[in-house]
file protein-v8.pdb (PDB, C-alpha atoms)
ATOM      1  CA  MET U 699      26.592 112.664  90.055  1.00  0.00           C
ATOM      2  CA  SER U 700      26.574 111.150  93.519  1.00  0.00           C
ATOM      3  CA  SER U 701      25.910 113.060  96.720  1.00  0.00           C
ATOM      4  CA  ILE U 702      25.695 112.178 100.394  1.00  0.00           C
ATOM      5  CA  ILE U 703      22.716 112.929 102.603  1.00  0.00           C
ATOM      6  CA  HIS U 704      22.772 112.523 106.376  1.00  0.00           C
ATOM      7  CA  TYR U 705      20.073 111.089 108.609  1.00  0.00           C
ATOM      8  CA  TYR U 706      20.533 111.457 112.366  1.00  0.00           C
ATOM      9  CA  ARG U 707      18.905 109.257 114.996  1.00  0.00           C
ATOM     10  CA  LYS U 708      19.312 109.744 118.749  1.00  0.00           C
ATOM     11  CA  THR U 709      20.347 106.515 120.448  1.00  0.00           C
ATOM     12  CA  GLU U 710      20.277 105.286 124.016  1.00  0.00           C
ATOM     13  CA  THR U 711      23.690 105.769 125.615  1.00  0.00           C
ATOM     14  CA  PRO U 712      25.020 102.506 127.067  1.00  0.00           C
ATOM     15  CA  HIS U 713      24.774 102.672 130.863  1.00  0.00           C
ATOM     16  CA  SER U 714      28.352 101.483 131.296  1.00  0.00           C
ATOM     17  CA  LEU U 715      29.929 104.031 128.925  1.00  0.00           C
ATOM     18  CA  LEU U 716      30.259 106.973 131.327  1.00  0.00           C
ATOM     19  CA  PRO U 717      31.637 104.983 134.313  1.00  0.00           C
ATOM     20  CA  SER U 718      33.983 103.086 132.000  1.00  0.00           C
ATOM     21  CA  LEU U 719      35.399 106.273 130.450  1.00  0.00           C
ATOM     22  CA  LYS U 720      35.814 107.899 133.862  1.00  0.00           C
ATOM     23  CA  GLU U 721      37.706 104.866 135.141  1.00  0.00           C
ATOM     24  CA  GLN U 722      39.977 104.681 132.088  1.00  0.00           C
ATOM     25  CA  LEU U 723      40.694 108.414 132.232  1.00  0.00           C
ATOM     26  CA  SER U 724      41.528 108.264 135.932  1.00  0.00           C
ATOM     27  CA  THR U 725      44.205 105.630 135.277  1.00  0.00           C
ATOM     28  CA  SER U 726      45.617 107.239 132.122  1.00  0.00           C
ATOM     29  CA  SER U 727      48.696 109.452 132.104  1.00  0.00           C
ATOM     30  CA  SER U 728      46.638 112.345 130.740  1.00  0.00           C
ATOM     31  CA  SER U 729      44.220 112.432 133.667  1.00  0.00           C
ATOM     32  CA  SER U 730      43.207 115.925 134.615  1.00  0.00           C
ATOM     33  CA  THR U 731      40.891 117.702 137.001  1.00  0.00           C
ATOM     34  CA  VAL U 732      38.261 118.011 134.259  1.00  0.00           C
ATOM     35  CA  ASP U 733      35.457 115.542 134.834  1.00  0.00           C
ATOM     36  CA  ILE U 734      32.938 114.140 132.348  1.00  0.00           C
ATOM     37  CA  THR U 735      29.451 114.931 133.610  1.00  0.00           C
ATOM     38  CA  SER U 736      27.347 113.340 130.848  1.00  0.00           C
ATOM     39  CA  ILE U 737      27.429 111.642 127.453  1.00  0.00           C
ATOM     40  CA  GLU U 738      24.729 111.572 124.797  1.00  0.00           C
ATOM     41  CA  THR U 739      24.899 109.467 121.638  1.00  0.00           C
ATOM     42  CA  GLU U 740      23.359 109.421 118.205  1.00  0.00           C
ATOM     43  CA  SER U 741      23.853 107.566 114.944  1.00  0.00           C
ATOM     44  CA  CYS U 742      24.432 109.279 111.635  1.00  0.00           C
ATOM     45  CA  PHE U 743      23.503 107.404 108.471  1.00  0.00           C
ATOM     46  CA  ASN U 744      25.643 108.697 105.614  1.00  0.00           C
ATOM     47  CA  VAL U 745      23.721 107.765 102.466  1.00  0.00           C
ATOM     48  CA  GLN U 746      25.390 108.063  99.068  1.00  0.00           C
ATOM     49  CA  ILE U 747      22.806 108.433  96.329  1.00  0.00           C
ATOM     50  CA  GLU U 748      23.207 108.551  92.575  1.00  0.00           C
ATOM     51  CA  GLY U 749      20.891 111.317  91.399  1.00  0.00           C
ATOM     52  CA  ALA U 750      17.917 112.297  93.561  1.00  0.00           C
ATOM     53  CA  LEU U 751      15.353 110.299  95.496  1.00  0.00           C
ATOM     54  CA  ASN U 752      11.684 110.797  94.705  1.00  0.00           C
ATOM     55  CA  GLU U 753       9.216 111.142  97.579  1.00  0.00           C
ATOM     56  CA  GLU U 754       8.278 107.440  97.572  1.00  0.00           C
ATOM     57  CA  ASP U 755      11.942 106.348  97.695  1.00  0.00           C
ATOM     58  CA  LYS U 756      12.665 108.875 100.453  1.00  0.00           C
ATOM     59  CA  ASN U 757       9.758 107.548 102.551  1.00  0.00           C
ATOM     60  CA  ARG U 758      10.917 103.961 102.010  1.00  0.00           C
ATOM     61  CA  LEU U 759      14.493 104.818 103.051  1.00  0.00           C
ATOM     62  CA  GLU U 760      13.297 106.656 106.152  1.00  0.00           C
ATOM     63  CA  TRP U 761      11.095 103.689 107.065  1.00  0.00           C
ATOM     64  CA  LEU U 762      14.183 101.439 106.925  1.00  0.00           C
ATOM     65  CA  LEU U 763      16.358 103.802 109.010  1.00  0.00           C
ATOM     66  CA  ARG U 764      13.943 104.871 111.731  1.00  0.00           C
ATOM     67  CA  GLU U 765      13.662 103.140 115.055  1.00  0.00           C
ATOM     68  CA  THR U 766      10.574 100.937 115.391  1.00  0.00           C
ATOM     69  CA  PHE U 767       9.430 102.426 118.698  1.00  0.00           C
ATOM     70  CA  CYS U 768      10.475 106.034 118.070  1.00  0.00           C
ATOM     71  CA  LYS U 769       9.292 106.905 114.600  1.00  0.00           C
ATOM     72  CA  ASP U 770       9.813 110.654 115.021  1.00  0.00           C
ATOM     73  CA  GLY U 771      13.457 110.323 116.094  1.00  0.00           C
ATOM     74  CA  LEU U 772      14.934 110.297 112.576  1.00  0.00           C
ATOM     75  CA  ARG U 773      16.020 113.715 111.252  1.00  0.00           C
ATOM     76  CA  LEU U 774      17.343 114.642 107.823  1.00  0.00           C
ATOM     77  CA  GLU U 775      20.477 116.866 107.952  1.00  0.00           C
ATOM     78  CA  THR U 776      19.717 118.026 111.531  1.00  0.00           C
ATOM     79  CA  SER U 777      21.734 116.585 114.385  1.00  0.00           C
ATOM     80  CA  ALA U 778      20.514 116.648 117.969  1.00  0.00           C
ATOM     81  CA  PHE U 779      23.939 118.159 118.726  1.00  0.00           C
ATOM     82  CA  ALA U 780      23.744 120.906 116.093  1.00  0.00           C
ATOM     83  CA  ASN U 781      24.025 123.701 118.674  1.00  0.00           C
ATOM     84  CA  VAL U 782      27.405 122.493 120.055  1.00  0.00           C
ATOM     85  CA  VAL U 783      30.432 124.363 118.707  1.00  0.00           C
ATOM     86  CA  ASN U 784      33.691 122.374 118.896  1.00  0.00           C
ATOM     87  CA  ASP U 785      35.981 125.320 118.084  1.00  0.00           C
ATOM     88  CA  ASP U 786      35.154 127.355 121.183  1.00  0.00           C
ATOM     89  CA  ASN U 787      37.754 126.919 123.953  1.00  0.00           C
ATOM     90  CA  THR U 788      35.218 128.042 126.541  1.00  0.00           C
ATOM     91  CA  ASN U 789      32.680 125.357 125.655  1.00  0.00           C
ATOM     92  CA  ASN U 790      32.098 122.536 128.153  1.00  0.00           C
ATOM     93  CA  LYS U 791      30.638 120.295 125.414  1.00  0.00           C
ATOM     94  CA  VAL U 792      32.448 118.485 122.622  1.00  0.00           C
ATOM     95  CA  VAL U 793      30.984 116.431 119.776  1.00  0.00           C
ATOM     96  CA  LEU U 794      33.083 113.546 118.474  1.00  0.00           C
ATOM     97  CA  GLU U 795      32.028 111.519 115.440  1.00  0.00           C
ATOM     98  CA  PHE U 796      33.636 108.258 114.330  1.00  0.00           C
ATOM     99  CA  GLY U 797      32.829 106.190 111.274  1.00  0.00           C
ATOM    100  CA  PRO U 798      34.359 103.626 108.957  1.00  0.00           C
ATOM    101  CA  ARG U 799      37.591 104.515 107.180  1.00  0.00           C
ATOM    102  CA  MET U 800      37.027 105.852 103.687  1.00  0.00           C
ATOM    103  CA  THR U 801      39.408 103.323 102.142  1.00  0.00           C
ATOM    104  CA  PHE U 802      36.981 100.419 102.412  1.00  0.00           C
ATOM    105  CA  THR U 803      33.264  99.689 102.514  1.00  0.00           C
ATOM    106  CA  SER U 804      32.116  98.282 105.852  1.00  0.00           C
ATOM    107  CA  ALA U 805      30.096  95.091 106.343  1.00  0.00           C
ATOM    108  CA  PHE U 806      27.252  97.292 107.611  1.00  0.00           C
ATOM    109  CA  SER U 807      27.223  99.160 104.299  1.00  0.00           C
ATOM    110  CA  SER U 808      27.272  95.944 102.254  1.00  0.00           C
ATOM    111  CA  ASN U 809      24.267  94.612 104.153  1.00  0.00           C
ATOM    112  CA  ALA U 810      22.440  97.944 104.108  1.00  0.00           C
ATOM    113  CA  THR U 811      22.848  98.456 100.365  1.00  0.00           C
ATOM    114  CA  SER U 812      21.681  94.868  99.750  1.00  0.00           C
ATOM    115  CA  ILE U 813      18.558  95.580 101.802  1.00  0.00           C
ATOM    116  CA  THR U 814      17.880  98.929 100.120  1.00  0.00           C
ATOM    117  CA  SER U 815      18.355  97.331  96.703  1.00  0.00           C
ATOM    118  CA  ALA U 816      15.908  94.549  97.607  1.00  0.00           C
ATOM    119  CA  CYS U 817      13.438  97.295  98.614  1.00  0.00           C
ATOM    120  CA  GLY U 818      13.712  98.922  95.184  1.00  0.00           C
ATOM    121  CA  LEU U 819      16.062 101.746  96.232  1.00  0.00           C
ATOM    122  CA  SER U 820      18.511 101.309  93.355  1.00  0.00           C
ATOM    123  CA  LYS U 821      19.936 104.850  93.589  1.00  0.00           C
ATOM    124  CA  ILE U 822      21.665 104.130  96.919  1.00  0.00           C
ATOM    125  CA  SER U 823      25.251 103.050  96.257  1.00  0.00           C
ATOM    126  CA  ARG U 824      26.647 103.171  99.808  1.00  0.00           C
ATOM    127  CA  LEU U 825      25.225 103.613 103.306  1.00  0.00           C
ATOM    128  CA  GLU U 826      27.598 103.930 106.256  1.00  0.00           C
ATOM    129  CA  ARG U 827      26.688 104.469 109.904  1.00  0.00           C
ATOM    130  CA  SER U 828      28.831 106.681 112.113  1.00  0.00           C
ATOM    131  CA  LYS U 829      28.623 107.109 115.891  1.00  0.00           C
ATOM    132  CA  ARG U 830      28.379 110.565 117.424  1.00  0.00           C
ATOM    133  CA  TYR U 831      29.105 111.435 121.052  1.00  0.00           C
ATOM    134  CA  CYS U 832      28.190 114.703 122.763  1.00  0.00           C
ATOM    135  CA  ILE U 833      30.361 114.813 125.878  1.00  0.00           C
ATOM    136  CA  THR U 834      29.721 117.375 128.607  1.00  0.00           C
ATOM    137  CA  PHE U 835      32.588 118.266 130.949  1.00  0.00           C
ATOM    138  CA  SER U 836      32.721 120.052 134.299  1.00  0.00           C
ATOM    139  CA  SER U 837      34.959 122.698 132.632  1.00  0.00           C
ATOM    140  CA  PRO U 838      36.448 123.166 129.153  1.00  0.00           C
ATOM    141  CA  PRO U 839      38.531 120.088 128.215  1.00  0.00           C
ATOM    142  CA  THR U 840      42.131 120.214 127.034  1.00  0.00           C
ATOM    143  CA  SER U 841      43.192 118.967 123.602  1.00  0.00           C
ATOM    144  CA  THR U 842      45.135 116.175 125.351  1.00  0.00           C
ATOM    145  CA  LEU U 843      41.976 115.009 127.121  1.00  0.00           C
ATOM    146  CA  ILE U 844      40.028 115.031 123.852  1.00  0.00           C
ATOM    147  CA  ALA U 845      42.788 113.049 122.117  1.00  0.00           C
ATOM    148  CA  THR U 846      42.696 110.486 124.931  1.00  0.00           C
ATOM    149  CA  LEU U 847      38.905 110.209 124.632  1.00  0.00           C
ATOM    150  CA  GLU U 848      39.229 109.727 120.869  1.00  0.00           C
ATOM    151  CA  SER U 849      41.549 106.774 121.411  1.00  0.00           C
ATOM    152  CA  LEU U 850      39.087 105.227 123.891  1.00  0.00           C
ATOM    153  CA  LEU U 851      35.970 105.666 121.759  1.00  0.00           C
ATOM    154  CA  HIS U 852      36.976 104.157 118.439  1.00  0.00           C
ATOM    155  CA  ASP U 853      39.075 101.510 116.734  1.00  0.00           C
ATOM    156  CA  ARG U 854      41.858 103.296 114.831  1.00  0.00           C
ATOM    157  CA  MET U 855      42.346 100.338 112.503  1.00  0.00           C
ATOM    158  CA  THR U 856      38.812 100.336 111.059  1.00  0.00           C
ATOM    159  CA  GLU U 857      37.404 103.754 112.011  1.00  0.00           C
ATOM    160  CA  GLN U 858      38.379 107.383 111.733  1.00  0.00           C
ATOM    161  CA  ARG U 859      37.160 110.651 113.183  1.00  0.00           C
ATOM    162  CA  TYR U 860      34.880 112.774 111.032  1.00  0.00           C
ATOM    163  CA  GLU U 861      35.625 116.402 111.899  1.00  0.00           C
ATOM    164  CA  VAL U 862      32.676 117.621 109.786  1.00  0.00           C
ATOM    165  CA  PRO U 863      29.802 115.791 108.091  1.00  0.00           C
ATOM    166  CA  ILE U 864      31.301 113.884 105.176  1.00  0.00           C
ATOM    167  CA  THR U 865      30.523 115.005 101.638  1.00  0.00           C
ATOM    168  CA  SER U 866      32.242 112.139  99.812  1.00  0.00           C
ATOM    169  CA  PHE U 867      33.502 108.635 100.483  1.00  0.00           C
ATOM    170  CA  GLU U 868      36.605 109.314  98.383  1.00  0.00           C
ATOM    171  CA  SER U 869      39.715 108.809 100.503  1.00  0.00           C
ATOM    172  CA  GLY U 870      42.186 110.402  98.108  1.00  0.00           C
ATOM    173  CA  ALA U 871      44.299 107.242  98.259  1.00  0.00           C
ATOM    174  CA  LYS U 872      45.908 106.258  94.964  1.00  0.00           C
ATOM    175  CA  VAL U 873      46.437 102.620  94.086  1.00  0.00           C
ATOM    176  CA  GLU U 874      50.011 101.833  93.133  1.00  0.00           C
ATOM    177  CA  PRO U 875      50.435  99.797  89.953  1.00  0.00           C
ATOM    178  CA  VAL U 876      51.442  96.154  90.246  1.00  0.00           C
ATOM    179  CA  VAL U 877      55.151  95.580  89.697  1.00  0.00           C
ATOM    180  CA  TRP U 878      56.693  92.242  88.766  1.00  0.00           C
ATOM    181  CA  VAL U 879      59.884  91.398  90.640  1.00  0.00           C
ATOM    182  CA  LYS U 880      62.029  88.854  88.801  1.00  0.00           C
ATOM    183  CA  ILE U 881      63.422  87.059  91.825  1.00  0.00           C
ATOM    184  CA  MET U 882      64.197  83.805  90.039  1.00  0.00           C
ATOM    185  CA  GLU U 883      66.223  85.526  87.281  1.00  0.00           C
ATOM    186  CA  GLU U 884      67.855  88.386  89.206  1.00  0.00           C
ATOM    187  CA  GLY U 885      67.872  87.100  92.784  1.00  0.00           C
ATOM    188  CA  ARG U 886      68.707  89.347  95.742  1.00  0.00           C
ATOM    189  CA  GLU U 887      69.527  92.373  93.543  1.00  0.00           C
ATOM    190  CA  ALA U 888      65.907  92.477  92.341  1.00  0.00           C
ATOM    191  CA  LEU U 889      64.629  92.575  95.910  1.00  0.00           C
ATOM    192  CA  GLU U 890      67.103  95.264  96.933  1.00  0.00           C
ATOM    193  CA  ARG U 891      66.203  97.389  93.894  1.00  0.00           C
ATOM    194  CA  ILE U 892      62.418  97.192  94.500  1.00  0.00           C
ATOM    195  CA  ASN U 893      62.968  97.896  98.219  1.00  0.00           C
ATOM    196  CA  ALA U 894      64.909 101.065  97.349  1.00  0.00           C
ATOM    197  CA  GLU U 895      62.113 102.287  95.041  1.00  0.00           C
TER     198      GLU U 895
END

call {"tool": "encode", "arguments": {"input": "protein-v8.pdb", "output": "structure tokens"}}
result
Amino acid sequence: MSSIIHYYRKTETPHSLLPSLKEQLSTSSSSSTVDITSIETESCFNVQIEGALNEEDKNRLEWLLRETFCKDGLRLETSAFANVVNDDNTNNKVVLEFGPRMTFTSAFSSNATSITSACGLSKISRLERSKRYCITFSSPPTSTLIATLESLLHDRMTEQRYEVPITSFESGAKVEPVVWVKIMEEGREALERINAE
């Protein structure tokens, strides 16, 4: 049985992120009087394991995930933003998390699982990194403002928002069976029939 564990690591917020977001929001149609006062960022490593990791494997994985110059910054199942509640309409802080779409494995995951396998961590079947943003506003933001921020902070084609920490990489998508269309024998009628189905 596979399960997903989460490691969180605080990251340095790019210096240009806050001014860039403020500028884009000021020119957007959804601009409001609410101002962004600060942004903090962290990475979440979503690790899918088959079975359980022993202490040696856990230490090896944590060694791979931690930052070289900040060894104490990696936390298991505890986000730096754990005290922020997104459901409260009176809250001036919002946490947004974006990660790869569930329908495919990212290049990061392919490389990470190759590295973990080379390090003897054979129980790790997938490792995806998501980005988390804790955004502080001058007053509670509107849902329109949050939707605009979502569109500015991630690529909708390859990423999706994670409302809660993920528990599975299953997308729920079902693969349709392959269907042969006999164009040479039936011609246009075959195309029209398959298009109607």

call {"tool": "resolve_selection", "arguments": {"input": "protein-v8.pdb", "expression": "the PyMOL selection byres ((chain U and resi 714-729) around 8)", "output": "list in words"}}
result
Thr711, Pro712, His713, Ser730, Thr731, Asp733, Ile734, Ser736, Ile737, Thr842, Leu843, Thr846, Leu847 and Leu850 of chain U

call {"tool": "resolve_selection", "arguments": {"input": "protein-v8.pdb", "expression": "the PyMOL selection byres ((chain U and resi 798) around 6)", "output": "mmCIF file with C-alpha atoms, in the coordinates of the input"}}
result
data_model
loop_
_atom_site.group_PDB
_atom_site.id
_atom_site.type_symbol
_atom_site.label_atom_id
_atom_site.label_comp_id
_atom_site.auth_asym_id
_atom_site.auth_seq_id
_atom_site.Cartn_x
_atom_site.Cartn_y
_atom_site.Cartn_z
ATOM 1 C CA GLY U 797 32.829 106.190 111.274
ATOM 2 C CA ARG U 799 37.591 104.515 107.180
ATOM 3 C CA THR U 856 38.812 100.336 111.059
ATOM 4 C CA GLU U 857 37.404 103.754 112.011
#

call {"tool": "axis_aligned_box", "arguments": {"input": "protein-v8.pdb", "around": "region 704-717 of chain U", "padding_each_side": "6 Å", "output": "AutoDock Vina command-line options"}}
result
--center_x 25.3 --center_y 107.0 --center_z 120.3 --size_x 24.7 --size_y 23.0 --size_z 39.9

call {"tool": "atom_distance", "arguments": {"input": "protein-v8.pdb", "atom1": "CA of Phe802 (chain U)", "atom2": "CA of Gly749 (chain U)"}}
result
22.3 Å

call {"tool": "resolve_selection", "arguments": {"input": "protein-v8.pdb", "expression": "the PyMOL selection byres ((chain U and resi 789) around 12)", "output": "ChimeraX atom specification"}}
result
/U:781-788,790-793,832-840

call {"tool": "closest_residue", "arguments": {"input": "protein-v8.pdb", "among": "U:Thr766, U:Ser808, U:Thr776, U:Thr739", "to": "Arg830 (chain U)", "atoms": "all atoms listed in the file"}}
result
U:Thr739

call {"tool": "residues_around", "arguments": {"input": "protein-v8.pdb", "residues": "Tyr705 (chain U)", "least_positions_apart": "3", "cutoff": "7 Å", "atoms": "only C-alpha atoms", "output": "compact mmCIF listing (two decimals) with C-alpha atoms, in the frame of the given file"}}
result
# COMPACT_ATOMS: atom_id res chain seq x y z
CA CYS U 742 24.43 109.28 111.64
CA PHE U 743 23.50 107.40 108.47
CA ASN U 744 25.64 108.70 105.61
CA LEU U 772 14.93 110.30 112.58
CA ARG U 773 16.02 113.72 111.25
CA LEU U 774 17.34 114.64 107.82
CA GLU U 775 20.48 116.87 107.95

call {"tool": "closest_residue", "arguments": {"input": "protein-v8.pdb", "among": "U:Gly818, U:Thr709, U:Ser807, U:Glu753", "to": "Cys768 (chain U)", "atoms": "only C-alpha atoms"}}
result
U:Thr709

call {"tool": "closest_residue", "arguments": {"input": "protein-v8.pdb", "among": "U:Asn752, U:Thr801, U:Asn757, U:Ser777", "to": "Phe867 (chain U)", "atoms": "all atoms listed in the file"}}
result
U:Thr801

call {"tool": "atom_distance", "arguments": {"input": "protein-v8.pdb", "atom1": "CA of Thr814 (chain U)", "atom2": "CA of Ser828 (chain U)"}}
result
18.0 Å

call {"tool": "atom_distance", "arguments": {"input": "protein-v8.pdb", "atom1": "CA of Cys817 (chain U)", "atom2": "CA of Leu759 (chain U)"}}
result
8.8 Å

call {"tool": "residues_around", "arguments": {"input": "protein-v8.pdb", "residues": "Asn893 (chain U)", "least_positions_apart": "5", "cutoff": "12 Å", "atoms": "only C-alpha atoms", "output": "list in words"}}
result
Val877, Val879, Arg886, Glu887 and Ala888 of chain U

call {"tool": "residues_around", "arguments": {"input": "protein-v8.pdb", "residues": "Arg758 (chain U)", "least_positions_apart": "2", "cutoff": "12 Å", "atoms": "only C-alpha atoms", "output": "ChimeraX atom specification"}}
result
/U:751-756,760-764,813-820,822

call {"tool": "residues_around", "arguments": {"input": "protein-v8.pdb", "residues": "Arg891 (chain U)", "least_positions_apart": "6", "cutoff": "12 Å", "atoms": "all atoms listed in the file", "output": "ChimeraX atom specification"}}
result
/U:877-881,884-885

call {"tool": "write_last_selection", "arguments": {"input": "protein-v8.pdb", "atoms": "C-alpha atoms", "output": "PDB file, in the coordinates of the input"}}
result
ATOM      1  CA  VAL U 877      55.151  95.580  89.697  1.00  0.00           C
ATOM      2  CA  TRP U 878      56.693  92.242  88.766  1.00  0.00           C
ATOM      3  CA  VAL U 879      59.884  91.398  90.640  1.00  0.00           C
ATOM      4  CA  LYS U 880      62.029  88.854  88.801  1.00  0.00           C
ATOM      5  CA  ILE U 881      63.422  87.059  91.825  1.00  0.00           C
ATOM      6  CA  GLU U 884      67.855  88.386  89.206  1.00  0.00           C
ATOM      7  CA  GLY U 885      67.872  87.100  92.784  1.00  0.00           C
TER       8      GLY U 885
END

call {"tool": "residues_near_point", "arguments": {"input": "protein-v8.pdb", "point": "(21.9, 104.1, 97.4)", "cutoff": "7 Å", "atoms": "all atoms listed in the file", "output": "PyMOL selection string"}}
result
chain U and resi 745-748+811+819-825

call {"tool": "closest_residue", "arguments": {"input": "protein-v8.pdb", "among": "U:Pro863, U:Glu868, U:Ala750, U:Glu895", "to": "Thr803 (chain U)", "atoms": "only C-alpha atoms"}}
result
U:Glu868
